[in-house]
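Visitor: I'm passing along target-v7.pdb; it holds PDB, C-alpha atoms.
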MODEL        1
ATOM      1  CA  MET A1353     -21.683   4.476  -3.882
ATOM      2  CA  SER A1354     -22.997   5.646  -0.509
ATOM      3  CA  ASP A1355     -21.600   8.745   1.102
ATOM      4  CA  LEU A1356     -19.889   8.298   4.482
ATOM      5  CA  LYS A1357     -20.883  11.820   5.568
ATOM      6  CA  THR A1358     -24.535  10.963   4.916
ATOM      7  CA  ILE A1359     -24.163   7.777   6.960
ATOM      8  CA  VAL A1360     -22.734   9.763   9.871
ATOM      9  CA  SER A1361     -25.569  12.291   9.738
ATOM     10  CA  GLU A1362     -28.300   9.648   9.434
ATOM     11  CA  ALA A1363     -27.129   7.294  12.169
ATOM     12  CA  GLY A1364     -29.201   7.786  15.293
ATOM     13  CA  SER A1365     -26.990   5.753  17.599
ATOM     14  CA  GLY A1366     -23.605   4.115  17.893
ATOM     15  CA  PRO A1367     -24.895   0.646  16.960
ATOM     16  CA  GLU A1368     -26.774   2.049  13.962
ATOM     17  CA  PHE A1369     -23.657   3.873  12.762
ATOM     18  CA  ALA A1370     -21.601   0.690  13.183
ATOM     19  CA  ARG A1371     -24.095  -1.239  11.035
ATOM     20  CA  LEU A1372     -24.175   1.420   8.318
ATOM     21  CA  TYR A1373     -20.384   1.749   8.338
ATOM     22  CA  VAL A1374     -19.933  -1.990   7.836
ATOM     23  CA  GLU A1375     -22.466  -1.966   4.996
ATOM     24  CA  HIS A1376     -20.581   0.891   3.350
ATOM     25  CA  LEU A1377     -17.265  -0.902   3.827
ATOM     26  CA  VAL A1378     -18.666  -4.039   2.188
ATOM     27  CA  GLU A1379     -19.808  -1.883  -0.732
ATOM     28  CA  VAL A1380     -16.296  -0.450  -1.089
ATOM     29  CA  LEU A1381     -14.731  -3.915  -0.887
ATOM     30  CA  ARG A1382     -17.025  -5.187  -3.638
ATOM     31  CA  GLY A1383     -15.646  -2.474  -5.901
ATOM     32  CA  VAL A1384     -12.080  -3.797  -5.715
ATOM     33  CA  ASP A1385     -10.779  -5.161  -9.023
ATOM     34  CA  TYR A1386      -9.768  -8.738  -8.223
ATOM     35  CA  GLU A1387      -7.655  -8.971 -11.370
ATOM     36  CA  SER A1388      -5.487  -6.081 -10.215
ATOM     37  CA  VAL A1389      -4.990  -7.871  -6.877
ATOM     38  CA  GLY A1390      -3.986 -11.011  -8.748
ATOM     39  CA  ARG A1391      -1.447  -9.108 -10.830
ATOM     40  CA  VAL A1392       0.191  -7.701  -7.694
ATOM     41  CA  ILE A1393       0.292 -11.190  -6.159
ATOM     42  CA  ASP A1394       2.039 -12.487  -9.288
ATOM     43  CA  LEU A1395       4.442  -9.547  -9.183
ATOM     44  CA  PHE A1396       5.396 -10.327  -5.574
ATOM     45  CA  VAL A1397       5.967 -14.001  -6.389
ATOM     46  CA  GLU A1398       8.132 -13.081  -9.367
ATOM     47  CA  ALA A1399      10.166 -10.679  -7.203
ATOM     48  CA  ARG A1400      10.729 -13.453  -4.656
ATOM     49  CA  GLY A1401      11.894 -15.761  -7.427
ATOM     50  CA  ARG A1402      14.468 -13.188  -8.566
ATOM     51  CA  ASP A1403      15.541 -12.454  -4.973
ATOM     52  CA  ASN A1404      14.401  -8.851  -5.427
ATOM     53  CA  THR A1405      13.198  -6.655  -2.579
ATOM     54  CA  ILE A1406       9.638  -5.371  -2.164
ATOM     55  CA  PHE A1407       9.679  -1.892  -0.601
ATOM     56  CA  PHE A1408       6.636  -0.236   1.009
ATOM     57  CA  MET A1409       6.052   3.442   1.781
ATOM     58  CA  GLY A1410       3.258   5.688   3.022
ATOM     59  CA  ASN A1411       2.389   8.443   5.493
ATOM     60  CA  GLY A1412       0.333   8.361   8.697
ATOM     61  CA  GLY A1413      -2.088   5.443   8.661
ATOM     62  CA  SER A1414      -0.563   4.321   5.367
ATOM     63  CA  ALA A1415       2.869   4.282   7.033
ATOM     64  CA  ALA A1416       1.451   1.825   9.567
ATOM     65  CA  THR A1417      -0.023  -0.251   6.730
ATOM     66  CA  SER A1418       3.378  -0.215   5.003
ATOM     67  CA  SER A1419       5.057  -1.571   8.124
ATOM     68  CA  HIS A1420       2.337  -4.173   8.594
ATOM     69  CA  PHE A1421       2.544  -5.301   4.946
ATOM     70  CA  ALA A1422       6.335  -5.681   5.059
ATOM     71  CA  ASN A1423       6.033  -7.605   8.326
ATOM     72  CA  ASP A1424       3.387  -9.970   6.941
ATOM     73  CA  LEU A1425       5.383 -10.750   3.794
ATOM     74  CA  SER A1426       8.588 -11.313   5.781
ATOM     75  CA  VAL A1427       6.998 -13.493   8.467
ATOM     76  CA  CYS A1428       3.535 -14.836   7.584
ATOM     77  CA  ALA A1429       4.304 -15.435   3.911
ATOM     78  CA  SER A1430       7.896 -16.612   4.483
ATOM     79  CA  PRO A1431       7.630 -19.807   6.562
ATOM     80  CA  GLU A1432      10.661 -21.849   7.544
ATOM     81  CA  GLY A1433      12.063 -24.113   4.872
ATOM     82  CA  ARG A1434      10.494 -22.187   1.952
ATOM     83  CA  PRO A1435      11.591 -19.283  -0.238
ATOM     84  CA  ARG A1436      11.415 -16.000   1.634
ATOM     85  CA  PHE A1437      10.163 -12.600   0.622
ATOM     86  CA  ARG A1438      12.654  -9.769   0.937
ATOM     87  CA  SER A1439      10.418  -6.929   2.124
ATOM     88  CA  LEU A1440      11.158  -3.635   3.828
ATOM     89  CA  SER A1441       9.075  -0.653   4.904
ATOM     90  CA  LEU A1442      10.792   2.671   4.222
ATOM     91  CA  THR A1443       8.723   4.245   7.025
ATOM     92  CA  ASP A1444      10.420   2.450   9.911
ATOM     93  CA  ASN A1445      13.824   4.137  10.423
ATOM     94  CA  SER A1446      12.963   7.405  12.171
ATOM     95  CA  ALA A1447      16.579   8.595  12.353
ATOM     96  CA  TYR A1448      17.046   8.073   8.609
ATOM     97  CA  ILE A1449      13.699   9.685   7.736
ATOM     98  CA  THR A1450      14.248  12.755   9.911
ATOM     99  CA  CYS A1451      17.792  13.160   8.575
ATOM    100  CA  LEU A1452      16.551  13.145   4.984
ATOM    101  CA  ALA A1453      13.593  15.410   5.804
ATOM    102  CA  ASN A1454      15.852  17.899   7.566
ATOM    103  CA  ASP A1455      18.583  17.930   4.916
ATOM    104  CA  PHE A1456      16.623  17.510   1.681
ATOM    105  CA  GLY A1457      12.923  18.069   2.467
ATOM    106  CA  TYR A1458      10.109  15.712   3.439
ATOM    107  CA  GLU A1459       9.156  15.116  -0.194
ATOM    108  CA  SER A1460      12.419  13.196  -0.703
ATOM    109  CA  VAL A1461      12.396  10.875   2.329
ATOM    110  CA  PHE A1462      11.482   7.794   0.252
ATOM    111  CA  SER A1463      13.249   8.533  -3.033
ATOM    112  CA  ARG A1464      16.505   9.235  -1.173
ATOM    113  CA  GLN A1465      16.282   5.885   0.606
ATOM    114  CA  LEU A1466      15.565   4.133  -2.685
ATOM    115  CA  ARG A1467      18.560   5.825  -4.251
ATOM    116  CA  ASN A1468      20.741   3.891  -1.775
ATOM    117  CA  LEU A1469      18.750   0.651  -1.496
ATOM    118  CA  MET A1470      16.840  -0.108  -4.694
ATOM    119  CA  ARG A1471      18.229  -2.537  -7.238
ATOM    120  CA  PRO A1472      16.934  -3.085 -10.784
ATOM    121  CA  ARG A1473      13.551  -4.868 -10.834
ATOM    122  CA  ASP A1474      12.906  -4.299  -7.133
ATOM    123  CA  VAL A1475       9.221  -3.635  -6.452
ATOM    124  CA  VAL A1476       8.279  -0.304  -4.846
ATOM    125  CA  VAL A1477       4.769  -0.135  -3.349
ATOM    126  CA  GLY A1478       3.291   3.246  -2.499
ATOM    127  CA  ILE A1479       0.221   3.309  -0.248
ATOM    128  CA  SER A1480      -1.938   6.436  -0.046
ATOM    129  CA  ALA A1481      -5.645   7.168   0.288
ATOM    130  CA  SER A1482      -5.457  10.291  -1.894
ATOM    131  CA  GLY A1483      -2.802   8.999  -4.269
ATOM    132  CA  ASN A1484      -1.171  12.435  -4.134
ATOM    133  CA  SER A1485       1.292  12.283  -1.214
ATOM    134  CA  PRO A1486       4.321  14.131  -2.652
ATOM    135  CA  ASN A1487       6.953  11.906  -1.037
ATOM    136  CA  VAL A1488       5.224   8.705  -2.158
ATOM    137  CA  VAL A1489       4.727  10.070  -5.678
ATOM    138  CA  GLN A1490       8.416  10.984  -5.792
ATOM    139  CA  GLY A1491       9.360   7.499  -4.583
ATOM    140  CA  LEU A1492       7.279   5.868  -7.328
ATOM    141  CA  GLU A1493       8.720   8.223  -9.921
ATOM    142  CA  PHE A1494      12.237   7.311  -8.803
ATOM    143  CA  ALA A1495      11.417   3.621  -9.157
ATOM    144  CA  ALA A1496       9.909   4.134 -12.608
ATOM    145  CA  GLN A1497      12.926   6.085 -13.829
ATOM    146  CA  ASN A1498      15.607   3.798 -12.372
ATOM    147  CA  GLY A1499      14.622   0.240 -13.226
ATOM    148  CA  GLY A1500      12.249  -0.464 -10.357
ATOM    149  CA  ILE A1501       8.637  -1.606 -10.640
ATOM    150  CA  PRO A1502       6.257   0.992  -9.130
ATOM    151  CA  VAL A1503       2.991  -0.217  -7.584
ATOM    152  CA  ALA A1504       0.232   2.054  -6.226
ATOM    153  CA  ILE A1505      -2.367   1.042  -3.632
ATOM    154  CA  VAL A1506      -4.684   4.040  -3.570
ATOM    155  CA  GLY A1507      -8.169   5.347  -2.827
ATOM    156  CA  PHE A1508     -10.447   8.263  -3.831
ATOM    157  CA  ASP A1509      -9.838   8.920  -7.565
ATOM    158  CA  GLY A1510      -6.336   7.378  -7.551
ATOM    159  CA  GLY A1511      -4.481  10.677  -7.771
ATOM    160  CA  ARG A1512      -1.072  11.139  -9.335
ATOM    161  CA  MET A1513       0.149   7.730  -8.115
ATOM    162  CA  LYS A1514      -2.362   5.955 -10.344
ATOM    163  CA  GLN A1515      -0.720   7.623 -13.336
ATOM    164  CA  VAL A1516       2.884   6.890 -12.291
ATOM    165  CA  ALA A1517       2.568   3.230 -11.270
ATOM    166  CA  GLN A1518       2.823   0.209 -13.554
ATOM    167  CA  HIS A1519       0.430  -1.745 -11.332
ATOM    168  CA  VAL A1520      -2.494  -0.236  -9.401
ATOM    169  CA  ILE A1521      -4.992  -1.486  -6.831
ATOM    170  CA  HIS A1522      -7.596   1.267  -6.653
ATOM    171  CA  VAL A1523     -10.053   1.362  -3.750
ATOM    172  CA  GLN A1524     -12.606   3.781  -5.187
ATOM    173  CA  THR A1525     -14.453   6.049  -2.767
ATOM    174  CA  LYS A1526     -15.514   9.659  -2.560
ATOM    175  CA  LYS A1527     -12.666  12.017  -1.678
ATOM    176  CA  GLY A1528     -12.048  12.328   2.041
ATOM    177  CA  GLU A1529     -13.215   8.834   3.036
ATOM    178  CA  TYR A1530      -9.920   7.931   4.687
ATOM    179  CA  GLY A1531     -11.348   5.380   7.121
ATOM    180  CA  PRO A1532     -12.911   2.999   4.581
ATOM    181  CA  VAL A1533      -9.941   3.296   2.202
ATOM    182  CA  GLU A1534      -7.410   2.532   4.927
ATOM    183  CA  ASP A1535      -9.603  -0.310   6.210
ATOM    184  CA  VAL A1536      -9.616  -1.912   2.763
ATOM    185  CA  HIS A1537      -5.873  -1.372   2.341
ATOM    186  CA  MET A1538      -5.335  -3.453   5.478
ATOM    187  CA  VAL A1539      -7.709  -6.108   4.157
ATOM    188  CA  LEU A1540      -5.593  -6.221   0.978
ATOM    189  CA  ASP A1541      -2.471  -6.746   3.088
ATOM    190  CA  HIS A1542      -4.007  -9.717   4.892
ATOM    191  CA  MET A1543      -5.655 -11.057   1.733
ATOM    192  CA  ILE A1544      -2.404 -11.051  -0.247
ATOM    193  CA  SER A1545      -0.125 -12.198   2.581
ATOM    194  CA  ASN A1546      -2.393 -15.057   3.639
ATOM    195  CA  TYR A1547      -2.744 -16.238   0.058
ATOM    196  CA  LEU A1548       1.037 -16.164  -0.415
ATOM    197  CA  ALA A1549       1.509 -18.053   2.864
ATOM    198  CA  THR A1550      -1.000 -20.697   1.761
ATOM    199  CA  MET A1551       0.426 -21.116  -1.738
ATOM    200  CA  SER A1552       3.846 -21.634  -0.161
ATOM    201  CA  GLU A1553       2.673 -24.763   1.617
TER     202      GLU A1553
ENDMDL
END
Kindly present the structure from the file in structure tokens form.
Guide:
Amino acid sequence: MSDLKTIVSEAGSGPEFARLYVEHLVEVLRGVDYESVGRVIDLFVEARGRDNTIFFMGNGGSAATSSHFANDLSVCASPEGRPRFRSLSLTDNSAYITCLANDFGYESVFSRQLRNLMRPRDVVVGISASGNSPNVVQGLEFAAQNGGIPVAIVGFDGGRMKQVAQHVIHVQTKKGEYGPVEDVHMVLDHMISNYLATMSE
């Protein structure tokens, strides 16, 4: 696997860096385990069939990916006249999040929401480049201990989330390569959502 820091240091111009970055991103994408993607697709379809909810959670860029993923399942993959996905991003209610962070600590902002919202066999998807975000880990642990199905979409070495989750999509990179990991996480969103939209036709 190439090293993004080496690419940055070796690029002599903006266009050259862009070319090398894309080549590195393609290399990262080729390392994705397609079977693990397929298992998550099946899990989402099964959740829809049971009328269970698919929750998403993450911080920073991964919070944006969580919102985007929930949006794509609810809209793109839920066309009129066909079964709909129940999907919700736990990152989107700022009043709720800041209340929980203020009263109980930031580590609990997702697990506390799940305590109120999660039903047995709901799917809880944590998204994190490092796989070690304390609030996402705690959310997955809550799901695992209370009848939910924890899923981790991670990067780097997978972190703690890889150990907690029942299903994992691991985008393997060197530690600290946030850009390529988050890029691939968004590709996974569009890959999965577009497939689910197509198979609904």
Visitor: Go through the shown structure with the PyMOL selection byres ((chain A and resi 1411) around 12) and write out the matching residues as a PyMOL selection string.
Guide: chain A and resi 1408-1410+1412-1419+1441-1444+1449+1458-1459+1461-1462+1478-1489+1534
Visitor: Just say which residues the PyMOL selection byres ((chain A and resi 1519) around 12) picks in this file, as number ranges by chain.
Guide: A: 1385, 1387-1396, 1475-1478, 1492, 1496, 1500-1506, 1510, 1513-1518, 1520-1522
Visitor: Could you please determine the separation between CA of Ser1439 (chain A) and CA of Val1384 (chain A) in Å, to one decimal place?
Guide: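 The value is 24.0 Å.
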Visitor: So how many Å separate CA of Glu1375 (chain A) and CA of His1542 (chain A), to one decimal?
Guide: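 CA of Glu1375 (chain A) sits 20.0 Å away from CA of His1542 (chain A).
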Visitor: Would you write out, as an NGL selection string, every residue that the PyMOL selection byres ((chain A and resi 1527-1530) around 7) captures in this file?
Guide: :A and (1356 or 1481 or 1508 or 1525-1526 or 1531-1534)
Visitor: Those same residues - C-alpha atoms - I'd like them written as a tab-separated table (two decimals), keeping the file's coordinate frame.
Guide:
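Resulting contents of again_10.tsv:
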chain	number	residue	atom	x	y	z
A	1356	LEU	CA	-19.89	8.30	4.48
A	1481	ALA	CA	-5.64	7.17	0.29
A	1508	PHE	CA	-10.45	8.26	-3.83
A	1525	THR	CA	-14.45	6.05	-2.77
A	1526	LYS	CA	-15.51	9.66	-2.56
A	1531	GLY	CA	-11.35	5.38	7.12
A	1532	PRO	CA	-12.91	3.00	4.58
A	1533	VAL	CA	-9.94	3.30	2.20
A	1534	GLU	CA	-7.41	2.53	4.93
Visitor: Quick one: residues within 12 Å of Val1397 (chain A), all atoms listed in the file counted, chain neighbours fewer than 6 positions away excluded, as a list in words?
Guide: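 The contact residues come out as Gly1390, Arg1391, Asp1403, Asn1404, Thr1405, Ile1406, Leu1425, Ala1429, Ser1430, Pro1435, Arg1436, Phe1437, Arg1438, Ser1439, Asp1474, Val1475, Ile1544, Ser1545, Tyr1547, Leu1548, Ala1549, Met1551 and Ser1552 of chain A.
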